[in-house]
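Q: Got a file for you: protein.txt, compact mmCIF, C-alpha atoms.
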```
# COMPACT_ATOMS: atom_id res chain seq x y z
CA MET A 1 -292.33 -177.85 -159.50
CA PRO A 2 -290.19 -175.72 -157.14
CA ASN A 3 -290.28 -176.66 -153.53
CA LEU A 4 -292.37 -174.29 -151.40
CA LYS A 5 -290.08 -174.45 -148.40
CA ASP A 6 -286.99 -173.67 -150.46
CA LEU A 7 -288.68 -170.64 -151.95
CA LYS A 8 -289.67 -169.40 -148.54
CA ASN A 9 -286.12 -169.71 -147.25
CA ARG A 10 -284.78 -167.92 -150.27
CA ILE A 11 -287.17 -165.02 -149.80
CA ALA A 12 -286.19 -164.73 -146.16
CA SER A 13 -282.52 -164.70 -147.04
CA VAL A 14 -282.89 -162.02 -149.69
CA GLN A 15 -284.93 -159.98 -147.26
CA SER A 16 -282.17 -160.02 -144.70
CA THR A 17 -279.64 -159.12 -147.38
CA ARG A 18 -281.78 -156.15 -148.23
CA LYS A 19 -281.83 -155.09 -144.61
CA ILE A 20 -278.05 -155.23 -144.46
CA THR A 21 -277.48 -153.34 -147.68
CA SER A 22 -279.91 -150.62 -146.75
CA ALA A 23 -278.27 -150.24 -143.36
CA MET A 24 -274.87 -150.03 -145.05
CA LYS A 25 -276.22 -147.42 -147.38
CA MET A 26 -277.32 -145.28 -144.48
CA VAL A 27 -274.02 -145.70 -142.68
CA ALA A 28 -272.17 -144.75 -145.86
CA ALA A 29 -274.39 -141.70 -146.29
CA SER A 30 -273.58 -140.40 -142.84
CA LYS A 31 -269.89 -141.17 -143.23
CA LEU A 32 -269.95 -139.45 -146.57
CA ARG A 33 -271.28 -136.29 -145.01
CA ARG A 34 -268.53 -136.35 -142.42
CA ALA A 35 -265.85 -137.05 -145.00
CA GLN A 36 -267.10 -134.20 -147.15
CA GLU A 37 -267.05 -131.80 -144.24
CA GLN A 38 -263.53 -132.85 -143.44
CA ALA A 39 -262.45 -132.38 -147.02
CA GLU A 40 -263.93 -128.91 -147.02
CA ALA A 41 -262.30 -128.04 -143.70
CA GLY A 42 -258.92 -128.89 -145.18
CA GLY A 43 -259.46 -126.46 -148.03
CA PRO A 44 -258.30 -123.19 -146.43
CA TYR A 45 -254.92 -124.56 -145.39
CA ALA A 46 -254.16 -125.99 -148.82
CA GLU A 47 -255.30 -122.80 -150.51
CA ARG A 48 -253.11 -120.56 -148.34
CA MET A 49 -250.18 -122.88 -148.68
CA GLY A 50 -250.59 -122.77 -152.44
CA ARG A 51 -250.55 -118.99 -152.28
CA MET A 52 -247.38 -118.91 -150.20
CA LEU A 53 -245.73 -121.47 -152.44
CA SER A 54 -246.41 -119.61 -155.62
CA SER A 55 -245.09 -116.35 -154.21
CA LEU A 56 -242.00 -118.13 -152.94
CA ALA A 57 -241.51 -120.06 -156.13
CA SER A 58 -241.64 -117.00 -158.30
CA ASN A 59 -238.82 -115.57 -156.23
CA VAL A 60 -236.68 -118.67 -156.22
CA GLN A 61 -237.17 -119.74 -159.80
CA ASP A 62 -235.41 -116.60 -160.92
CA SER A 63 -232.28 -117.64 -159.12
CA GLY A 64 -232.52 -121.01 -160.86
CA ASN A 65 -231.43 -123.24 -157.99
CA GLY A 66 -234.64 -124.32 -156.34
CA PRO A 67 -234.69 -127.36 -154.10
CA LYS A 68 -234.90 -130.80 -155.63
CA LEU A 69 -238.49 -131.36 -154.57
CA MET A 70 -239.46 -128.62 -156.97
CA THR A 71 -236.97 -128.93 -159.78
CA GLY A 72 -236.65 -132.70 -159.72
CA THR A 73 -233.52 -134.76 -159.79
CA GLY A 74 -232.93 -134.00 -163.41
CA ALA A 75 -233.80 -137.54 -164.43
CA ASP A 76 -237.11 -139.32 -164.82
CA GLN A 77 -236.00 -142.91 -164.89
CA VAL A 78 -237.61 -144.25 -161.75
CA HIS A 79 -241.26 -143.53 -161.03
CA LEU A 80 -243.06 -144.00 -157.78
CA LEU A 81 -246.82 -144.44 -157.89
CA VAL A 82 -248.79 -143.87 -154.71
CA VAL A 83 -252.03 -145.79 -155.18
CA VAL A 84 -254.83 -144.80 -152.82
CA SER A 85 -257.60 -147.37 -152.47
CA SER A 86 -259.92 -148.45 -149.67
CA ASP A 87 -259.52 -151.06 -146.97
CA ARG A 88 -262.95 -152.49 -147.45
CA GLY A 89 -264.87 -153.74 -150.41
CA LEU A 90 -268.56 -153.49 -151.27
CA CYS A 91 -268.13 -150.11 -152.83
CA GLY A 92 -268.84 -150.75 -156.47
CA ALA A 93 -266.16 -149.98 -159.02
CA PHE A 94 -264.23 -147.79 -156.59
CA ASN A 95 -261.19 -150.00 -156.14
CA GLY A 96 -261.48 -151.60 -159.56
CA SER A 97 -261.14 -148.33 -161.40
CA ILE A 98 -258.20 -147.20 -159.25
CA VAL A 99 -256.37 -150.44 -159.88
CA ARG A 100 -257.16 -150.33 -163.58
CA GLU A 101 -255.70 -146.83 -163.86
CA ALA A 102 -252.66 -147.80 -161.79
CA LYS A 103 -252.03 -150.80 -164.05
CA ARG A 104 -252.42 -148.66 -167.12
CA GLN A 105 -249.85 -146.22 -165.75
CA ILE A 106 -247.46 -149.00 -164.85
CA ALA A 107 -247.78 -150.57 -168.28
CA ARG A 108 -247.25 -147.22 -169.98
CA LEU A 109 -244.17 -146.34 -167.93
CA GLN A 110 -242.68 -149.78 -168.33
CA GLY A 111 -243.38 -149.55 -172.04
CA GLU A 112 -241.23 -146.43 -172.09
CA GLY A 113 -238.45 -148.39 -170.43
CA LYS A 114 -238.82 -146.74 -167.04
CA THR A 115 -238.60 -148.40 -163.68
CA VAL A 116 -241.78 -148.31 -161.63
CA LYS A 117 -242.21 -148.62 -157.89
CA VAL A 118 -245.55 -148.75 -156.16
CA LEU A 119 -246.63 -147.64 -152.73
CA THR A 120 -250.17 -148.60 -151.82
CA VAL A 121 -252.50 -147.12 -149.28
CA GLY A 122 -255.47 -149.35 -148.53
CA ARG A 123 -255.79 -153.09 -148.46
CA LYS A 124 -257.88 -153.60 -151.59
CA GLY A 125 -255.50 -151.86 -153.93
CA ARG A 126 -252.57 -153.77 -152.54
CA ASP A 127 -254.32 -157.12 -152.89
CA GLN A 128 -255.29 -156.52 -156.48
CA LEU A 129 -251.96 -155.10 -157.57
CA ARG A 130 -250.06 -157.86 -155.85
CA ARG A 131 -251.36 -160.36 -158.38
CA ASP A 132 -249.54 -158.83 -161.30
CA TYR A 133 -246.97 -156.50 -159.85
CA ALA A 134 -245.98 -157.97 -156.49
CA SER A 135 -242.32 -157.20 -157.08
CA LEU A 136 -242.99 -153.52 -157.66
CA ILE A 137 -244.71 -152.84 -154.37
CA VAL A 138 -242.18 -151.28 -152.03
CA GLU A 139 -244.47 -150.42 -149.17
CA SER A 140 -248.13 -150.67 -148.31
CA TYR A 141 -250.24 -149.12 -145.62
CA GLU A 142 -253.48 -150.46 -144.24
CA ASP A 143 -256.09 -149.05 -141.94
CA VAL A 144 -255.04 -145.51 -142.69
CA GLY A 145 -257.56 -143.26 -141.04
CA ARG A 146 -259.86 -146.09 -140.23
CA ARG A 147 -261.86 -144.16 -137.68
CA ARG A 148 -261.14 -140.65 -138.77
CA LEU A 149 -258.49 -139.58 -141.20
CA SER A 150 -256.03 -137.31 -139.45
CA PHE A 151 -253.25 -135.23 -140.85
CA ALA A 152 -250.78 -137.41 -138.97
CA ASP A 153 -251.77 -140.37 -141.16
CA ALA A 154 -250.99 -138.45 -144.32
CA ASP A 155 -247.81 -137.15 -142.77
CA MET A 156 -246.67 -140.70 -142.10
CA VAL A 157 -247.08 -141.63 -145.77
CA ALA A 158 -245.41 -138.40 -146.85
CA LYS A 159 -242.43 -139.02 -144.56
CA LYS A 160 -241.92 -142.40 -146.16
CA VAL A 161 -242.07 -140.92 -149.64
CA LEU A 162 -239.63 -138.18 -148.62
CA ALA A 163 -237.23 -140.65 -147.07
CA MET A 164 -237.22 -142.63 -150.30
CA PHE A 165 -236.73 -139.49 -152.34
CA ASP A 166 -233.83 -138.35 -150.19
CA ALA A 167 -232.27 -141.78 -150.57
CA GLY A 168 -232.51 -141.32 -154.32
CA GLU A 169 -234.83 -144.25 -154.82
CA PHE A 170 -237.00 -142.52 -157.38
CA ASP A 171 -237.11 -139.42 -159.56
CA VAL A 172 -240.79 -138.77 -160.12
CA CYS A 173 -243.70 -139.41 -157.79
CA SER A 174 -247.39 -139.41 -158.69
CA VAL A 175 -250.44 -140.23 -156.68
CA VAL A 176 -253.42 -142.14 -158.11
CA PHE A 177 -256.67 -141.54 -156.28
CA ASN A 178 -260.40 -141.12 -156.74
CA LYS A 179 -261.38 -137.50 -156.81
CA PHE A 180 -264.77 -136.85 -155.32
CA LYS A 181 -267.16 -135.25 -157.74
CA SER A 182 -270.51 -136.34 -156.38
CA ALA A 183 -271.95 -139.30 -154.54
CA ILE A 184 -272.49 -141.10 -157.83
CA SER A 185 -269.41 -140.01 -159.67
CA GLN A 186 -265.76 -140.31 -158.75
CA ILE A 187 -262.98 -139.39 -161.10
CA VAL A 188 -259.76 -141.34 -161.10
CA THR A 189 -257.03 -138.75 -160.96
CA VAL A 190 -253.30 -138.99 -161.42
CA GLN A 191 -251.44 -136.12 -159.84
CA GLN A 192 -247.74 -135.52 -159.91
CA LEU A 193 -246.24 -134.75 -156.50
CA ILE A 194 -242.50 -134.72 -157.10
CA PRO A 195 -241.17 -132.66 -158.72
CA PHE A 196 -243.95 -130.43 -157.60
CA ALA A 197 -245.40 -128.22 -160.29
CA VAL A 198 -245.94 -125.01 -158.40
CA PRO A 199 -249.08 -123.28 -159.54
CA VAL A 200 -247.28 -120.14 -160.60
CA ALA A 201 -249.78 -117.36 -161.05
CA ALA A 202 -251.67 -117.85 -164.29
CA ASP A 203 -250.24 -116.20 -167.37
CA ALA A 204 -253.32 -114.04 -167.61
CA ALA A 205 -252.12 -111.52 -165.05
CA PRO A 206 -248.44 -112.09 -164.42
CA ALA A 207 -247.44 -108.47 -164.22
CA ALA A 208 -249.84 -107.55 -161.47
CA THR A 209 -249.15 -110.60 -159.33
CA ASP A 210 -245.40 -110.40 -159.79
CA GLU A 211 -245.46 -106.93 -158.43
CA ALA A 212 -247.42 -108.03 -155.41
CA LYS A 213 -245.01 -110.87 -154.80
CA ALA A 214 -241.78 -109.08 -155.27
CA ILE A 215 -242.26 -107.04 -152.12
CA TYR A 216 -242.41 -109.95 -149.68
CA GLU A 217 -239.68 -110.15 -147.11
CA PHE A 218 -238.51 -113.59 -146.12
CA GLU A 219 -237.33 -114.72 -142.77
CA PRO A 220 -235.05 -116.74 -142.95
CA ASP A 221 -234.29 -116.61 -146.69
CA GLU A 222 -236.43 -118.00 -149.49
CA GLU A 223 -234.46 -121.20 -149.96
CA GLN A 224 -234.74 -122.16 -146.34
CA ILE A 225 -238.44 -121.48 -146.13
CA LEU A 226 -239.00 -123.36 -149.34
CA ALA A 227 -236.99 -126.27 -148.00
CA GLU A 228 -239.44 -126.47 -145.10
CA LEU A 229 -242.52 -125.63 -147.05
CA LEU A 230 -242.15 -128.21 -149.80
CA PRO A 231 -242.12 -131.33 -147.59
CA ARG A 232 -245.11 -129.83 -145.79
CA ASN A 233 -246.80 -129.30 -149.09
CA LEU A 234 -246.20 -132.92 -150.01
CA SER A 235 -247.96 -133.99 -146.82
CA ILE A 236 -250.81 -131.64 -147.62
CA GLN A 237 -251.18 -132.96 -151.15
CA ILE A 238 -251.24 -136.53 -149.89
CA TYR A 239 -253.68 -135.54 -147.17
CA ARG A 240 -255.95 -133.98 -149.78
CA ALA A 241 -255.73 -137.13 -151.89
CA LEU A 242 -256.62 -139.29 -148.90
CA LEU A 243 -259.55 -137.04 -148.01
CA GLU A 244 -260.87 -137.07 -151.54
CA SER A 245 -260.47 -140.81 -151.64
CA ALA A 246 -262.27 -141.26 -148.33
CA ALA A 247 -265.21 -139.18 -149.50
CA SER A 248 -265.27 -140.99 -152.84
CA GLU A 249 -265.22 -144.36 -151.13
CA GLN A 250 -268.28 -143.53 -149.08
CA GLY A 251 -270.01 -142.07 -152.09
CA ALA A 252 -269.27 -145.15 -154.15
CA ARG A 253 -270.41 -147.40 -151.36
CA MET A 254 -273.61 -145.48 -150.89
CA THR A 255 -274.46 -145.79 -154.58
CA ALA A 256 -273.49 -149.45 -154.69
CA MET A 257 -275.59 -150.25 -151.64
CA ASP A 258 -278.51 -148.27 -152.99
CA ASN A 259 -278.43 -150.38 -156.15
CA ALA A 260 -278.06 -153.56 -154.14
CA THR A 261 -281.06 -152.64 -152.00
CA ARG A 262 -283.14 -151.98 -155.08
CA ASN A 263 -282.06 -155.23 -156.72
CA ALA A 264 -282.91 -157.16 -153.59
CA GLY A 265 -286.36 -155.56 -153.61
CA ASP A 266 -286.95 -156.62 -157.22
CA MET A 267 -285.76 -160.10 -156.43
CA ILE A 268 -288.09 -160.38 -153.46
CA ASN A 269 -291.04 -159.35 -155.64
CA LYS A 270 -290.22 -161.94 -158.28
CA LEU A 271 -289.70 -164.67 -155.73
CA THR A 272 -292.94 -163.80 -153.95
CA ILE A 273 -294.88 -164.12 -157.21
CA THR A 274 -293.29 -167.50 -157.93
CA TYR A 275 -294.04 -168.56 -154.36
CA ASN A 276 -297.71 -167.60 -154.60
CA ARG A 277 -298.16 -169.24 -158.00
CA THR A 278 -296.57 -172.42 -156.76
CA ARG A 279 -298.75 -172.41 -153.66
CA GLN A 280 -301.89 -172.00 -155.78
CA ALA A 281 -300.74 -174.76 -158.10
CA TYR A 282 -300.33 -177.09 -155.12
CA ILE A 283 -303.83 -176.28 -153.84
CA THR A 284 -305.38 -176.83 -157.27
CA LYS A 285 -303.53 -180.10 -157.59
CA GLU A 286 -304.75 -181.32 -154.24
CA LEU A 287 -308.33 -180.28 -155.00
CA ILE A 288 -308.23 -182.18 -158.30
CA GLU A 289 -306.96 -185.25 -156.47
CA ILE A 290 -309.74 -185.06 -153.87
CA ILE A 291 -312.49 -184.46 -156.47
CA SER A 292 -311.32 -187.19 -158.82
CA GLY A 293 -311.02 -189.50 -155.83
CA ALA A 294 -314.64 -188.75 -154.84
CA GLU A 295 -315.86 -189.26 -158.42
CA ALA A 296 -314.21 -192.63 -158.66
CA LEU A 297 -316.30 -193.98 -155.80
CA MET B 1 -257.84 -96.34 -133.07
CA ALA B 2 -255.56 -98.00 -135.57
CA ASP B 3 -256.88 -100.33 -138.21
CA LYS B 4 -257.15 -103.98 -137.42
CA VAL B 5 -255.35 -106.90 -138.98
CA GLU B 6 -257.22 -109.95 -140.12
CA PHE B 7 -255.73 -112.81 -138.14
CA GLU B 8 -256.17 -116.33 -139.47
CA LEU B 9 -254.97 -119.49 -137.80
CA VAL B 10 -255.19 -122.54 -140.01
CA SER B 11 -254.27 -126.14 -139.30
CA PRO B 12 -254.21 -128.81 -142.01
CA GLU B 13 -257.48 -130.14 -140.67
CA LYS B 14 -259.42 -126.93 -140.41
CA LEU B 15 -259.60 -123.18 -140.17
CA LEU B 16 -259.22 -122.59 -136.45
CA LYS B 17 -259.55 -118.86 -136.12
CA SER B 18 -260.35 -115.99 -138.37
CA LEU B 19 -260.94 -112.67 -136.70
CA PRO B 20 -259.85 -109.06 -136.83
CA VAL B 21 -257.44 -108.15 -134.04
CA ASP B 22 -255.30 -105.18 -133.03
CA MET B 23 -252.03 -107.03 -132.88
CA VAL B 24 -250.62 -110.52 -132.92
CA VAL B 25 -247.20 -111.57 -131.70
CA VAL B 26 -245.91 -114.55 -133.65
CA PRO B 27 -242.93 -116.73 -132.66
CA GLY B 28 -240.78 -116.57 -135.80
CA THR B 29 -237.72 -118.78 -136.19
CA GLU B 30 -235.52 -115.72 -135.97
CA GLY B 31 -237.35 -114.09 -133.09
CA ASP B 32 -240.86 -113.09 -132.12
CA PHE B 33 -242.45 -110.42 -134.21
CA GLY B 34 -245.53 -108.33 -133.62
CA VAL B 35 -247.92 -107.71 -136.47
CA LEU B 36 -249.94 -104.53 -136.57
CA ALA B 37 -252.04 -103.26 -139.43
CA GLY B 38 -249.82 -102.00 -142.23
CA HIS B 39 -246.98 -104.43 -141.51
CA SER B 40 -244.71 -104.93 -144.50
CA PRO B 41 -245.36 -108.18 -146.37
CA LEU B 42 -243.40 -111.04 -144.86
CA ILE B 43 -243.20 -114.80 -145.00
CA SER B 44 -241.55 -116.54 -142.09
CA THR B 45 -241.16 -119.95 -140.58
CA LEU B 46 -242.23 -120.46 -136.99
CA ARG B 47 -240.59 -122.15 -134.06
CA PRO B 48 -242.64 -123.92 -131.39
CA GLY B 49 -244.05 -121.19 -129.22
CA VAL B 50 -247.02 -119.08 -128.29
CA ILE B 51 -249.01 -116.73 -130.47
CA ASP B 52 -250.38 -113.81 -128.47
CA VAL B 53 -253.48 -112.11 -129.74
CA TYR B 54 -253.90 -108.52 -128.56
CA GLU B 55 -257.09 -106.56 -128.33
CA GLY B 56 -256.04 -103.06 -127.36
CA GLU B 57 -253.31 -103.44 -124.76
CA ARG B 58 -254.66 -106.69 -123.47
CA ILE B 59 -253.87 -110.28 -124.47
CA VAL B 60 -257.19 -111.90 -125.29
CA ASP B 61 -255.99 -115.20 -126.63
CA ARG B 62 -252.86 -117.29 -126.36
CA VAL B 63 -252.36 -120.22 -128.68
CA PHE B 64 -249.49 -122.66 -128.65
CA VAL B 65 -248.20 -123.71 -132.09
CA ALA B 66 -245.71 -126.45 -132.75
CA GLY B 67 -244.18 -124.73 -135.72
CA GLY B 68 -245.41 -123.82 -139.17
CA PHE B 69 -245.44 -120.74 -141.36
CA ALA B 70 -246.72 -117.22 -141.19
CA GLU B 71 -247.66 -115.03 -144.08
CA VAL B 72 -248.10 -111.36 -143.33
CA THR B 73 -249.51 -108.75 -145.65
CA GLU B 74 -250.57 -105.20 -144.85
CA THR B 75 -254.06 -106.22 -143.86
CA ARG B 76 -253.72 -109.86 -142.99
CA CYS B 77 -251.70 -112.28 -140.89
CA THR B 78 -252.11 -115.93 -141.82
CA VAL B 79 -250.54 -118.61 -139.67
CA LEU B 80 -250.29 -122.13 -141.06
CA ALA B 81 -249.75 -124.15 -137.93
CA GLU B 82 -248.72 -127.77 -137.66
CA GLU B 83 -250.36 -128.24 -134.33
CA ALA B 84 -252.26 -125.58 -132.46
CA VAL B 85 -253.60 -125.76 -128.92
CA ALA B 86 -255.11 -123.02 -126.81
CA LEU B 87 -252.70 -122.38 -123.97
CA THR B 88 -255.42 -122.90 -121.41
CA ASP B 89 -255.96 -126.44 -122.73
CA LEU B 90 -252.37 -127.47 -122.06
CA ASP B 91 -251.93 -129.50 -118.96
CA ARG B 92 -248.60 -129.36 -117.17
CA ALA B 93 -248.72 -132.90 -115.84
CA SER B 94 -249.42 -134.55 -119.19
CA VAL B 95 -246.76 -132.47 -120.95
CA GLU B 96 -244.21 -133.37 -118.29
CA LYS B 97 -245.14 -136.99 -118.69
CA SER B 98 -244.72 -136.87 -122.47
CA ILE B 99 -241.31 -135.23 -122.02
CA LYS B 100 -240.30 -138.04 -119.73
CA ASP B 101 -241.57 -140.69 -122.15
CA LEU B 102 -239.90 -139.06 -125.10
CA SER B 103 -236.58 -138.77 -123.28
CA GLU B 104 -236.72 -142.48 -122.60
CA ASP B 105 -237.60 -143.19 -126.23
CA SER B 106 -234.71 -141.02 -127.30
CA ASP B 107 -232.32 -143.07 -125.21
CA ASP B 108 -233.73 -146.28 -126.67
CA SER B 109 -233.80 -145.17 -130.28
CA LYS B 110 -231.51 -146.99 -132.64
CA SER B 111 -231.06 -145.01 -135.81
CA ASP B 112 -230.05 -141.37 -136.05
CA ALA B 113 -233.17 -140.54 -138.02
CA GLU B 114 -235.36 -142.01 -135.30
CA LYS B 115 -233.47 -140.07 -132.70
CA ALA B 116 -233.82 -136.85 -134.66
CA ALA B 117 -237.57 -137.35 -134.99
CA ILE B 118 -237.92 -137.89 -131.27
CA GLU B 119 -235.69 -134.93 -130.49
CA ALA B 120 -237.95 -132.76 -132.64
CA LYS B 121 -240.98 -133.92 -130.67
CA LEU B 122 -239.11 -133.33 -127.47
CA ALA B 123 -238.31 -129.77 -128.46
CA VAL B 124 -242.01 -129.18 -129.05
CA ALA B 125 -242.92 -130.66 -125.68
CA ARG B 126 -240.30 -128.53 -123.93
CA ALA B 127 -241.60 -125.45 -125.66
CA LYS B 128 -245.06 -126.37 -124.42
CA LEU B 129 -243.75 -126.59 -120.90
CA ASP B 130 -242.10 -123.19 -121.23
CA ALA B 131 -245.35 -121.79 -122.53
CA ILE B 132 -247.21 -123.13 -119.53
CA GLY B 133 -244.56 -121.64 -117.30
CA THR B 134 -245.03 -118.15 -118.74
CA SER B 135 -248.78 -118.32 -118.57
CA SER B 136 -248.88 -119.36 -114.92
CA ALA B 137 -246.32 -116.67 -114.09
CA ALA B 138 -248.53 -114.09 -115.73
CA HIS B 139 -251.53 -114.94 -113.59
```
Take the structure in this file and express it as structure tokens.
A:
Amino acid sequence: MPNLKDLKNRIASVQSTRKITSAMKMVAASKLRRAQEQAEAGGPYAERMGRMLSSLASNVQDSGNGPKLMTGTGADQVHLLVVVSSDRGLCGAFNGSIVREAKRQIARLQGEGKTVKVLTVGRKGRDQLRRDYASLIVESYEDVGRRRLSFADADMVAKKVLAMFDAGEFDVCSVVFNKFKSAISQIVTVQQLIPFAVPVAADAAPAATDEAKAIYEFEPDEEQILAELLPRNLSIQIYRALLESAASEQGARMTAMDNATRNAGDMINKLTITYNRTRQAYITKELIEIISGAEAL
Amino acid sequence: MADKVEFELVSPEKLLKSLPVDMVVVPGTEGDFGVLAGHSPLISTLRPGVIDVYEGERIVDRVFVAGGFAEVTETRCTVLAEEAVALTDLDRASVEKSIKDLSEDSDDSKSDAEKAAIEAKLAVARAKLDAIGTSSAAH
């Protein structure tokens, strides 16, 4: 027969776990709202930059000698994967799915005989990738945007990537991150950053947009602007990825903590029933002992 | 009264301003340019400097930008700024201090790349100081 005192302790411990998980859920919910707002606030800049880029690109592509960030180095032998994960755990499958996708990409690229390098953002991703691919990790960042993600954080990562690119350390760069869809669903996304595929106006209406673009004046010339715009765009793309990832992390954590709170509740109910049954069984047993003792006299 | 241009100031973190104005003067890399309604389409890089927003003949808003890009169409002027601060929020003492700190850093820096990065920051800080100078002269 289970010990009454043990059961009582166990119930108390699960109860305090439930308190913690429900508090974490609420914290995650409020952080999620903030992260979402931030992600939305970053929208206009990215959108306008995309517009400028595509009008620039359509002008430069004709001349056929765009900068390397756009056209690539001409090779695709060395790949750099930027893996964006979180610094903290307790957020369900968030980090697991990122790492799984990253490993799948690494395996695929290596299978094709390519060289892979990895740059991680976030402690969890680094820790998990280090087990299998420690030698591939060239750089890792922790505590990026711990309090509030700022553009400077993304810029720092982007500068590192650019420095490596300029030094010819890789040919193609992609970022792996969780794209925020809703609080319960995050989509692991792989996005190519270098060479950057400029969203040239959709084929649907090329004539009309080309006309609109052809009349832009550039100051200084297109190449120079593009040379400044592309590194900026890289920072923006990384910033977007970090924002999406931050929102996803909070969403994932909120869902995970919601489940944990519910599970703890179920567990408390079950334990309470066991506790009460055991208590009754003890009382009955003692009564039987007393009665049979009295009868024996 | 001439038509207005839609002026938008955007930083990577948010949309800072979006309002119709009579004219904006933007510090382009190759010289300041004023944008009125009906300006020919233009894309330009910016140098660190001050954007003046005109309402009629009067400057209603002055914003310091640390560089970025401007896209001008006939009806719209969009500035993608790297860092944007209202001129009134700049404080001479703190800017002077950062210039001093940066100059020291520049002397201490080891690699050329490091030095270049600090020099870039220094140029921004100096431009800030200039901007403060012009604004206090105007008052």
Q: Tell me, as number ranges by chain, which residues lie within 6 Å of region 76-91 of chain B, counting all atoms listed in the file; anything in the same chain fewer than 2 positions away does not count.
A: B: 5-11, 62-74, 93-94
Q: Show me which bits of chain B are within 6 Å of chain A, counting all atoms listed in the file, as a list in words.
A: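 Every residue meeting the condition is included here: Val10, Pro12, Glu13, Lys14, Pro41, Leu42, Ile43 and Ser44 of chain B.
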Q: Go through B:Asp112, B:Asp52, B:Asp3, B:Asp107 one by one, measure the shortest atom-to-atom distance of each to Phe33 (chain B) using only C-alpha atoms, and give the residue with the smallest value.
A: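 Between B:Asp112, B:Asp52, B:Asp3, B:Asp107, the residue approaching Phe33 (chain B) most closely is B:Asp52.
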Q: Applying 7 Å and all atoms listed in the file, which residues near region 254-257 of chain A remain after dropping the ones on its own chain fewer than 4 positions away? List them as a PyMOL selection string.
A: chain A and resi 21-22+24-25+28-29+91-92+183-184+250+261
Q: Print the selection's residues with C-alpha atoms to a file, as a PDB file, in the frame of the given file.
A:
```pdb
ATOM      1  CA  THR A  21    -277.480-153.340-147.680  1.00  0.00           C
ATOM      2  CA  SER A  22    -279.910-150.620-146.750  1.00  0.00           C
ATOM      3  CA  MET A  24    -274.870-150.030-145.050  1.00  0.00           C
ATOM      4  CA  LYS A  25    -276.220-147.420-147.380  1.00  0.00           C
ATOM      5  CA  ALA A  28    -272.170-144.750-145.860  1.00  0.00           C
ATOM      6  CA  ALA A  29    -274.390-141.700-146.290  1.00  0.00           C
ATOM      7  CA  CYS A  91    -268.130-150.110-152.830  1.00  0.00           C
ATOM      8  CA  GLY A  92    -268.840-150.750-156.470  1.00  0.00           C
ATOM      9  CA  ALA A 183    -271.950-139.300-154.540  1.00  0.00           C
ATOM     10  CA  ILE A 184    -272.490-141.100-157.830  1.00  0.00           C
ATOM     11  CA  GLN A 250    -268.280-143.530-149.080  1.00  0.00           C
ATOM     12  CA  THR A 261    -281.060-152.640-152.000  1.00  0.00           C
TER      13      THR A 261
END
```
Q: State, in Å with one decimal place, the distance from CA of Ser135 (chain A) to CA of Leu193 (chain A).
A: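 Going from CA of Ser135 (chain A) over to CA of Leu193 (chain A), I get 22.8 Å.
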Q: Using only C-alpha atoms, which residue out of B:Val124, B:Ala116, B:Leu36, B:Ala131 lies closest to Val21 (chain B)?
A: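 Smallest separation from Val21 (chain B) among the options: B:Leu36.
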Q: For Ala123 (chain B), find every residue with an atom within 12 Å (counting all atoms listed in the file), except residues of its own chain fewer than 6 positions away, and show them as number ranges by chain.
A: B: 47-49, 66-67, 95, 98-99, 102-103, 106, 116-117, 129-130
Q: Just write the chosen residues, C-alpha atoms, as a PDB file, in the frame of the given file.
A:
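Listing of selection-v8.pdb after writing:
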```pdb
ATOM      1  CA  ARG B  47    -240.590-122.150-134.060  1.00  0.00           C
ATOM      2  CA  PRO B  48    -242.640-123.920-131.390  1.00  0.00           C
ATOM      3  CA  GLY B  49    -244.050-121.190-129.220  1.00  0.00           C
ATOM      4  CA  ALA B  66    -245.710-126.450-132.750  1.00  0.00           C
ATOM      5  CA  GLY B  67    -244.180-124.730-135.720  1.00  0.00           C
ATOM      6  CA  VAL B  95    -246.760-132.470-120.950  1.00  0.00           C
ATOM      7  CA  SER B  98    -244.720-136.870-122.470  1.00  0.00           C
ATOM      8  CA  ILE B  99    -241.310-135.230-122.020  1.00  0.00           C
ATOM      9  CA  LEU B 102    -239.900-139.060-125.100  1.00  0.00           C
ATOM     10  CA  SER B 103    -236.580-138.770-123.280  1.00  0.00           C
ATOM     11  CA  SER B 106    -234.710-141.020-127.300  1.00  0.00           C
ATOM     12  CA  ALA B 116    -233.820-136.850-134.660  1.00  0.00           C
ATOM     13  CA  ALA B 117    -237.570-137.350-134.990  1.00  0.00           C
ATOM     14  CA  LEU B 129    -243.750-126.590-120.900  1.00  0.00           C
ATOM     15  CA  ASP B 130    -242.100-123.190-121.230  1.00  0.00           C
TER      16      ASP B 130
END
```
Q: Can you tell me how far CA of Ala134 (chain A) sits from CA of Glu114 (chain B), in Å to one decimal?
A: 28.6 Å
Q: Could you name the residues that touch Lys124 (chain A) at 8 Å or less, counting all atoms listed in the file, but leaving out those on the same chain fewer than 4 positions away, as a PDB file with C-alpha atoms, keeping the file's coordinate frame?
A:
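out_16.pdb, freshly written:
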```pdb
ATOM      1  CA  SER A  85    -257.600-147.370-152.470  1.00  0.00           C
ATOM      2  CA  SER A  86    -259.920-148.450-149.670  1.00  0.00           C
ATOM      3  CA  ASP A  87    -259.520-151.060-146.970  1.00  0.00           C
ATOM      4  CA  ARG A  88    -262.950-152.490-147.450  1.00  0.00           C
ATOM      5  CA  GLY A  89    -264.870-153.740-150.410  1.00  0.00           C
ATOM      6  CA  ASN A  95    -261.190-150.000-156.140  1.00  0.00           C
ATOM      7  CA  GLN A 128    -255.290-156.520-156.480  1.00  0.00           C
TER       8      GLN A 128
END
```
